[in-house]
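**Q** Contents of start.txt (compact mmCIF, C-alpha atoms and all ligand atoms) are below:
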# COMPACT_ATOMS: atom_id res chain seq x y z
CA MET W 1 76.34 124.20 61.79
CA THR W 2 75.00 121.05 63.47
CA PRO W 3 77.51 118.19 63.14
CA PRO W 4 76.29 115.00 61.42
CA ALA W 5 74.58 112.54 63.81
CA ASP W 6 77.43 110.04 63.44
CA THR W 7 80.14 112.56 64.43
CA THR W 8 81.43 113.92 67.74
CA PRO W 9 84.46 115.92 68.83
CA GLY W 10 87.44 113.86 70.04
CA LEU W 11 86.69 112.26 73.41
CA VAL W 12 88.76 113.10 76.50
CA CYS W 13 90.06 110.67 79.12
CA ALA W 14 90.36 112.82 82.25
CA HIS W 15 92.53 110.35 84.19
CA HIS W 16 94.85 107.76 82.64
CA HIS W 17 98.09 105.99 83.48
CA LEU W 18 99.75 105.31 80.12
CA TYR W 19 102.55 103.50 82.00
CA SER W 20 100.10 100.77 83.00
CA ALA W 21 99.49 99.56 79.41
CA LEU W 22 102.15 96.84 79.80
CA ALA W 23 100.72 95.47 83.06
CA ARG W 24 98.57 93.02 81.13
CA GLY W 25 101.75 91.30 79.89
CA LEU W 26 103.17 90.71 83.36
CA PRO W 27 102.79 87.73 85.68
CA GLY W 28 100.23 88.13 88.47
CA PRO W 29 101.31 88.53 92.10
CA ALA W 30 102.38 85.31 93.88
CA VAL W 31 99.94 86.01 96.72
CA THR W 32 96.52 87.46 95.88
CA PRO W 33 96.18 90.88 97.55
CA THR W 34 93.11 91.30 99.75
CA THR W 35 93.03 95.10 100.21
CA PHE W 36 93.38 98.23 98.08
CA LEU W 37 96.79 98.99 99.63
CA GLY W 38 97.75 95.37 99.01
CA ILE W 39 96.92 95.80 95.28
CA LEU W 40 99.08 98.94 95.11
CA GLU W 41 101.98 97.10 96.78
CA ALA W 42 101.65 93.84 94.84
CA VAL W 43 101.08 95.30 91.37
CA TRP W 44 101.43 99.03 90.75
CA TRP W 45 104.31 99.82 93.09
CA ARG W 46 106.25 96.88 91.63
CA LEU W 47 105.54 97.92 88.04
CA ASP W 48 106.51 101.58 88.43
CA VAL W 49 109.96 100.80 89.90
CA ALA W 50 110.68 98.39 87.02
CA LEU W 51 110.16 101.03 84.30
CA ASP W 52 112.94 102.76 82.36
CA LEU W 53 112.57 105.39 79.64
CA ASP W 54 112.44 102.78 76.83
CA THR W 55 109.66 100.74 78.42
CA ILE W 56 107.77 103.95 79.31
CA ALA W 57 107.88 104.92 75.62
CA ALA W 58 106.63 101.51 74.47
CA SER W 59 103.83 101.58 77.03
CA ALA W 60 102.79 105.15 76.17
CA ARG W 61 102.73 104.37 72.41
CA LEU W 62 100.43 101.41 73.04
CA GLY W 63 98.21 103.43 75.38
CA ALA W 64 97.98 106.31 72.91
CA LEU W 65 97.19 103.91 70.06
CA GLU W 66 94.41 102.28 72.07
CA ALA W 67 93.03 105.75 72.89
CA LEU W 68 92.98 106.72 69.22
CA GLU W 69 91.36 103.40 68.25
CA SER W 70 88.59 104.26 70.75
CA GLY W 71 88.01 107.82 69.48
CA CYS W 72 89.79 109.43 72.43
CA THR W 73 92.02 112.22 71.13
CA ALA W 74 93.08 113.82 74.44
CA VAL W 75 94.55 111.95 77.39
CA ILE W 76 95.14 113.50 80.82
CA ASP W 77 97.92 111.26 82.06
CA HIS W 78 99.34 110.62 85.53
CA HIS W 79 102.78 109.03 85.50
CA GLU W 80 105.18 107.42 87.99
CA SER W 81 108.55 105.73 87.36
CA PRO W 82 110.73 106.18 90.48
CA HIS W 83 113.91 104.86 88.81
CA ALA W 84 113.47 106.90 85.60
CA ILE W 85 112.00 110.24 86.60
CA GLU W 86 113.94 112.87 84.70
CA GLY W 87 112.73 113.23 81.13
CA SER W 88 109.89 110.73 81.58
CA LEU W 89 107.14 113.26 80.80
CA ASP W 90 108.78 114.22 77.50
CA VAL W 91 109.04 110.54 76.59
CA ILE W 92 105.28 110.17 77.14
CA ALA W 93 104.42 113.39 75.29
CA ASP W 94 106.65 112.37 72.35
CA ALA W 95 105.02 108.93 72.19
CA CYS W 96 101.55 110.50 72.06
CA ALA W 97 102.71 112.96 69.38
CA GLU W 98 103.95 110.06 67.23
CA VAL W 99 100.51 108.45 67.34
CA GLY W 100 98.74 111.82 66.95
CA VAL W 101 96.96 112.01 70.32
CA ARG W 102 96.92 115.10 72.57
CA VAL W 103 98.27 114.62 76.08
CA SER W 104 98.43 116.47 79.37
CA CYS W 105 101.30 115.05 81.44
CA ALA W 106 101.94 115.05 85.18
CA TYR W 107 104.52 113.25 87.31
CA GLY W 108 102.97 111.73 90.45
CA VAL W 109 105.13 113.10 93.26
CA THR W 110 105.41 110.88 96.35
CA ASP W 111 107.53 110.49 99.50
CA ARG W 112 107.38 106.69 99.20
CA HIS W 113 111.02 106.76 98.01
CA GLY W 114 112.22 109.37 100.49
CA ALA W 115 112.52 113.14 100.35
CA ASP W 116 114.95 112.94 97.42
CA GLY W 117 112.40 110.99 95.40
CA ALA W 118 109.75 113.62 96.09
CA LYS W 119 112.16 116.40 95.08
CA ALA W 120 113.03 114.60 91.84
CA GLY W 121 109.32 114.25 91.03
CA LEU W 122 108.66 117.92 91.67
CA ALA W 123 111.68 118.82 89.52
CA GLU W 124 110.37 116.70 86.63
CA ASN W 125 106.97 118.43 86.77
CA GLU W 126 108.68 121.83 86.76
CA ARG W 127 111.14 120.94 83.99
CA TYR W 128 108.34 119.64 81.75
CA LEU W 129 105.87 122.47 82.47
CA ARG W 130 108.46 125.21 81.89
CA GLY W 131 109.33 123.64 78.54
CA LEU W 132 105.75 123.68 77.22
CA ASP W 133 104.83 125.96 74.32
CA PRO W 134 101.51 127.65 75.26
CA ALA W 135 100.60 127.67 71.54
CA ASP W 136 100.94 123.87 71.29
CA GLY W 137 97.46 122.51 71.97
CA ARG W 138 98.72 118.92 71.69
CA ARG W 139 100.99 119.01 74.72
CA ARG W 140 99.83 120.31 78.06
CA GLY W 141 100.51 119.60 81.71
CA LEU W 142 99.55 119.65 85.37
CA VAL W 143 101.60 119.12 88.53
CA GLY W 144 101.11 115.50 89.59
CA VAL W 145 100.88 114.16 93.12
CA HIS W 146 100.35 110.46 93.84
CA ALA W 147 98.04 110.92 96.84
CA ALA W 148 98.06 112.76 100.15
CA PHE W 149 98.66 109.53 102.14
CA THR W 150 102.03 108.92 100.45
CA CYS W 151 103.21 112.54 100.79
CA THR W 152 104.37 114.74 103.64
CA ASP W 153 102.60 118.06 104.28
CA ASP W 154 105.70 119.84 102.95
CA THR W 155 105.53 117.94 99.67
CA LEU W 156 101.80 118.65 99.26
CA ALA W 157 102.40 122.36 99.90
CA ALA W 158 105.34 122.42 97.49
CA ALA W 159 103.27 120.82 94.71
CA ALA W 160 100.36 123.20 95.27
CA GLY W 161 102.73 126.18 95.27
CA MET W 162 104.47 125.02 92.10
CA ALA W 163 101.16 124.62 90.27
CA ALA W 164 99.99 128.09 91.34
CA ASP W 165 103.33 129.62 90.27
CA LEU W 166 103.16 127.92 86.87
CA GLY W 167 99.51 128.78 86.30
CA THR W 168 98.16 125.25 86.32
CA GLY W 169 96.43 122.76 88.64
CA VAL W 170 97.38 119.63 90.54
CA HIS W 171 96.40 116.13 89.34
CA ILE W 172 96.06 113.95 92.45
CA HIS W 173 94.34 110.75 93.67
CA VAL W 174 91.96 111.69 96.50
CA ALA W 175 90.30 109.29 98.96
CA GLU W 176 90.37 106.36 96.53
CA GLY W 177 90.58 103.87 99.39
CA PRO W 178 90.47 103.82 103.19
CA ASP W 179 94.21 104.53 103.50
CA ASP W 180 93.61 108.03 102.12
CA ALA W 181 90.65 108.87 104.38
CA ALA W 182 92.43 111.96 105.70
CA ALA W 183 92.84 113.47 102.21
CA ALA W 184 90.24 116.25 102.61
CA SER W 185 91.80 117.60 105.80
CA ARG W 186 95.36 117.17 104.47
CA LEU W 187 94.52 119.15 101.30
CA ALA W 188 92.33 121.79 102.94
CA GLY W 189 93.30 125.27 101.80
CA LEU W 190 95.58 124.03 99.00
CA THR W 191 93.14 123.31 96.15
CA ASP W 192 91.63 125.54 93.47
CA GLU W 193 89.28 124.99 90.54
CA ARG W 194 92.13 123.88 88.26
CA TRP W 195 92.83 120.78 90.36
CA LEU W 196 91.81 117.26 89.31
CA LEU W 197 90.61 115.29 92.35
CA VAL W 198 90.68 111.69 91.17
CA HIS W 199 88.19 109.15 92.60
CA GLY W 200 86.83 110.85 95.76
CA VAL W 201 85.22 107.55 96.83
CA GLY W 202 85.83 108.25 100.52
CA LEU W 203 85.18 112.00 100.43
CA ALA W 204 82.33 113.46 102.51
CA ASP W 205 79.54 115.06 100.45
CA HIS W 206 80.64 118.54 101.58
CA HIS W 207 84.39 118.00 101.60
CA GLY W 208 85.41 121.61 100.97
CA LEU W 209 87.97 120.88 98.22
CA ALA W 210 87.92 122.84 94.94
CA GLY W 211 88.49 121.22 91.56
CA THR W 212 86.98 118.64 89.21
CA ILE W 213 86.21 115.19 90.63
CA VAL W 214 87.33 112.54 88.15
CA HIS W 215 85.15 109.43 88.36
CA ASN W 216 86.65 106.09 87.25
CA PRO W 217 83.85 103.54 87.68
CA ARG W 218 85.58 100.45 86.21
CA SER W 219 88.73 100.97 88.24
CA ASN W 220 86.75 101.51 91.45
CA MET W 221 84.90 98.24 90.84
CA ASN W 222 88.15 96.44 89.99
CA ASN W 223 89.75 97.58 93.26
CA SER W 224 86.58 96.92 95.25
CA VAL W 225 86.74 100.38 96.86
CA GLY W 226 83.02 101.14 96.51
CA TYR W 227 80.89 103.54 94.47
CA ALA W 228 81.93 107.21 94.54
CA ARG W 229 78.32 108.42 93.99
CA PRO W 230 79.59 111.50 92.15
CA THR W 231 76.17 113.22 91.96
CA ARG W 232 76.51 114.09 95.68
CA PHE W 233 79.35 116.56 95.02
CA ALA W 234 78.99 120.26 94.21
CA ASN W 235 82.19 119.99 92.12
CA PRO W 236 82.14 119.42 88.36
CA VAL W 237 82.60 115.71 87.54
CA ALA W 238 84.60 114.24 84.65
CA LEU W 239 85.28 110.64 83.54
CA GLY W 240 88.56 108.75 83.48
CA THR W 241 89.71 105.16 83.11
CA ASP W 242 92.56 105.09 85.67
CA GLY W 243 94.74 103.28 83.15
CA ILE W 244 92.29 100.62 81.95
CA GLY W 245 92.41 101.70 78.31
CA ALA W 246 90.79 104.90 77.05
CA ASP W 247 87.48 103.69 75.63
CA MET W 248 85.42 106.62 76.89
CA LEU W 249 82.12 105.48 75.33
CA ASP W 250 82.50 102.24 77.27
CA GLU W 251 83.39 104.11 80.47
CA PHE W 252 80.35 106.37 79.93
CA ALA W 253 78.05 103.34 79.56
CA LEU W 254 79.52 101.78 82.70
CA ALA W 255 79.20 105.08 84.60
CA PHE W 256 75.56 105.19 83.55
CA ALA W 257 74.94 101.58 84.65
CA ARG W 258 76.63 102.20 87.99
CA HIS W 259 74.58 105.38 88.49
CA ARG W 260 71.44 103.46 87.59
CA GLU W 261 72.32 100.64 90.02
CA ASP W 262 72.39 103.28 92.78
CA ASP W 263 69.33 105.21 91.56
CA VAL W 264 66.90 103.59 89.14
CA THR W 265 65.53 107.02 88.12
CA ALA W 266 68.95 108.11 86.77
CA GLY W 267 68.99 109.32 83.16
CA ALA W 268 71.79 108.93 80.62
CA ASP W 269 72.31 112.71 80.41
CA THR W 270 74.08 112.80 83.77
CA ALA W 271 76.82 110.33 82.85
CA TRP W 272 77.07 112.04 79.44
CA SER W 273 77.62 115.38 81.19
CA TRP W 274 80.57 113.77 83.02
CA LEU W 275 82.03 112.67 79.68
CA ALA W 276 81.39 116.15 78.21
CA GLN W 277 83.18 117.75 81.18
CA GLY W 278 86.38 116.45 79.56
CA TRP W 279 86.01 119.16 76.90
CA ARG W 280 86.27 121.82 79.64
CA LEU W 281 89.47 120.21 80.89
CA PHE W 282 90.99 119.73 77.43
CA PRO W 283 89.09 122.13 75.11
CA GLU W 284 91.43 121.50 72.17
CA ALA W 285 89.68 118.14 71.70
CA LEU W 286 86.68 120.11 70.43
CA ASP W 287 88.81 120.82 67.32
CA ASP W 288 89.03 117.08 66.69
CA GLN W 289 86.43 115.01 64.88
CA VAL W 290 85.41 111.39 65.22
CA ARG W 291 83.09 109.71 62.73
CA TRP W 292 81.56 106.66 64.36
CA SER W 293 80.11 103.33 63.22
CA TYR W 294 76.76 104.28 64.80
CA THR W 295 74.15 106.98 64.59
CA PRO W 296 72.77 108.91 66.45
CA MET W 297 75.60 109.64 68.89
CA GLU W 298 73.20 110.54 71.68
CA PRO W 299 73.33 109.64 75.40
CA TRP W 300 70.25 107.40 75.69
CA ALA W 301 71.11 105.46 72.53
CA LEU W 302 74.77 105.05 73.50
CA ALA W 303 73.93 103.95 77.04
CA TYR W 304 72.47 100.77 75.53
CA THR W 305 74.57 100.29 72.38
CA THR W 306 77.80 98.30 72.63
CA ASP W 307 80.74 98.12 70.23
CA VAL W 308 80.42 101.59 68.72
CA ARG W 309 83.76 102.14 66.96
CA PRO W 310 85.45 105.14 65.34
CA LEU W 311 85.78 104.92 61.56
CA GLU W 312 87.76 108.10 61.03
CA VAL W 313 89.48 110.43 63.49
CA SER W 314 91.04 113.79 62.74
CA VAL W 315 93.09 115.76 65.24
CA GLY W 316 93.49 119.45 64.50
CA GLY W 317 92.40 118.78 60.90
CA GLU W 318 94.83 115.89 60.25
CA VAL W 319 93.35 112.43 59.68
CA VAL W 320 95.14 110.17 62.20
CA LEU W 321 92.77 107.19 61.94
CA ALA W 322 91.17 106.09 58.66
CA ASP W 323 88.96 103.01 58.16
CA GLY W 324 89.54 102.26 61.84
CA ARG W 325 93.34 102.09 61.42
CA ALA W 326 96.01 104.54 62.67
CA THR W 327 97.63 106.46 59.81
CA ARG W 328 100.82 107.78 61.45
CA VAL W 329 102.10 104.62 63.06
CA ASP W 330 102.05 100.87 62.43
CA PRO W 331 99.71 99.36 65.04
CA VAL W 332 101.18 95.86 64.54
CA GLU W 333 104.67 97.15 65.29
CA ILE W 334 103.54 99.12 68.35
CA ARG W 335 101.88 96.00 69.78
CA ALA W 336 104.93 93.82 69.03
CA LYS W 337 107.26 96.34 70.71
CA ALA W 338 104.94 96.49 73.72
CA VAL W 339 105.18 92.70 74.13
CA GLU W 340 109.01 92.95 74.00
CA ALA W 341 108.95 95.78 76.55
CA ALA W 342 106.63 93.82 78.87
CA THR W 343 109.11 90.91 78.72
CA ARG W 344 111.94 93.26 79.79
CA VAL W 345 109.83 94.66 82.63
CA ALA W 346 108.87 91.13 83.72
CA ALA W 347 112.56 90.24 83.99
CA ARG W 348 112.97 93.02 86.59
CA TRP W 349 109.59 92.30 88.23
ZN ZN W 401 94.94 106.68 88.96
Spit out the file's structure as structure tokens when you get a sec.
Ligand SMILES: [Zn+2]
**A**
Amino acid sequence: MTPPADTTPGLVCAHHHLYSALARGLPGPAVTPTTFLGILEAVWWRLDVALDLDTIAASARLGALEALESGCTAVIDHHESPHAIEGSLDVIADACAEVGVRVSCAYGVTDRHGADGAKAGLAENERYLRGLDPADGRRRGLVGVHAAFTCTDDTLAAAAGMAADLGTGVHIHVAEGPDDAAAASRLAGLTDERWLLVHGVGLADHHGLAGTIVHNPRSNMNNSVGYARPTRFANPVALGTDGIGADMLDEFALAFARHREDDVTAGADTAWSWLAQGWRLFPEALDDQVRWSYTPMEPWALAYTTDVRPLEVSVGGEVVLADGRATRVDPVEIRAKAVEAATRVAARW
């Protein structure tokens, strides 16, 4: 049966950082960073060390709520909290379950905090993945790696081996900025089609890595790292937000505009195919339904229509958003708790 023209399956965000939802409530860096590495050091690597399990939960609830309010019912998350590693992926998965959003969790392993830190990250991925119920389509997982440039070869090999042993892929940032230019050679021989290769801005056209490239146009613009030009890759391409919300219609429209800026003959179907690739990565979202404020939900129309909002969302048959409002949780309370949590993080900042 053809679905009504105002209805789609649940949208998928193929790369998110739910832990970054509180960043908006924090003071800016004292000195404005001038490079991509400088932004990591001044913002993200200060935020992740300030997180504990309580603030991770508050951040994940807010991120999941914002996803739901944008019609995104499946989030592929990439998490880091060096001072609260053990149990962190369950905290995120539980927060998403409260709101009613599906999640695939991964802990971003890194050697930035020494070999013990990398081991603890690997252990958290393994602990979480071994605890998953294969029948539970709301909770899934990948092995996370921050990026090749912050990991030793041993750590990269260990993560790849763990993913293969556990029957899943690796979720890793690849050549996002110049500091990770060696990513393709560092990862050669380790990847397979289950991997998520996030960004790929600095990858050569024929880079030799297997997996899905996840394109995050707004984040790439925000970090001034350049345009990834994803059409040049033989790999499948999916769309993510890199932690800037989970409004996938908005990210689609931006991906289209960025494509069009590079090639004025570009059609909307290409960027839509990147959005649709999310359903290959998280097929359970096809069981979800979003009724939108606009019709028809078609690529060319949506490329030029702003402020399309979900009116009703059901996940696995359960209505989790009605009249634009979450049914399982109190959005006012989640936002108030997020402000409190951001204040606690700021005190450690
Ligand atoms: Zn990212």
**Q** Rounded to one decimal in Å, what is the spacing between atom CA of Gly200 of chain W and atom CA of Phe256 of chain W?
**A**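 We find that atom CA of Gly200 of chain W and atom CA of Phe256 of chain W lie 17.6 Å from each other.
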**Q** Could you please extract the residues within 7 Å of ligand ZN 401 (chain W), counting all atoms listed in the file, and hand them back as a list in words?
**A**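 My answer, listing the contacting residues, is His15, His16, His17, His78, His173, Val198, Asp242 and Gly243 of chain W.
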**Q** Taking into account only C-alpha atoms, which residue in the set W:Val290, W:Ala346, W:Leu132, W:Leu209 is nearest to Val319 of chain W?
**A**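 For Val319 of chain W, the nearest of the given residues is W:Val290.
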**Q** For the atom pair atom CA of Gly240 of chain W and atom CA of Pro178 of chain W, what is the interatomic distance in Å to one decimal place?
**A** 20.4 Å
**Q** Report, in Å with one decimal, the straight-line distance from atom CA of Val49 of chain W to atom CA of Ser70 of chain W.
**A**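 One can read the atom CA of Val49 of chain W to atom CA of Ser70 of chain W distance as 28.9 Å.
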**Q** Identify, on the basis of all atoms listed in the file, every residue whose closest approach to Ala276 of chain W does not exceed 12 Å; exclude the query and any residue fewer than 2 positions from it along the same chain; express the result as a ChimeraX atom specification.
**A** /W:8-14,236-240,248-249,252,269-274,278-283,285-286,298-299
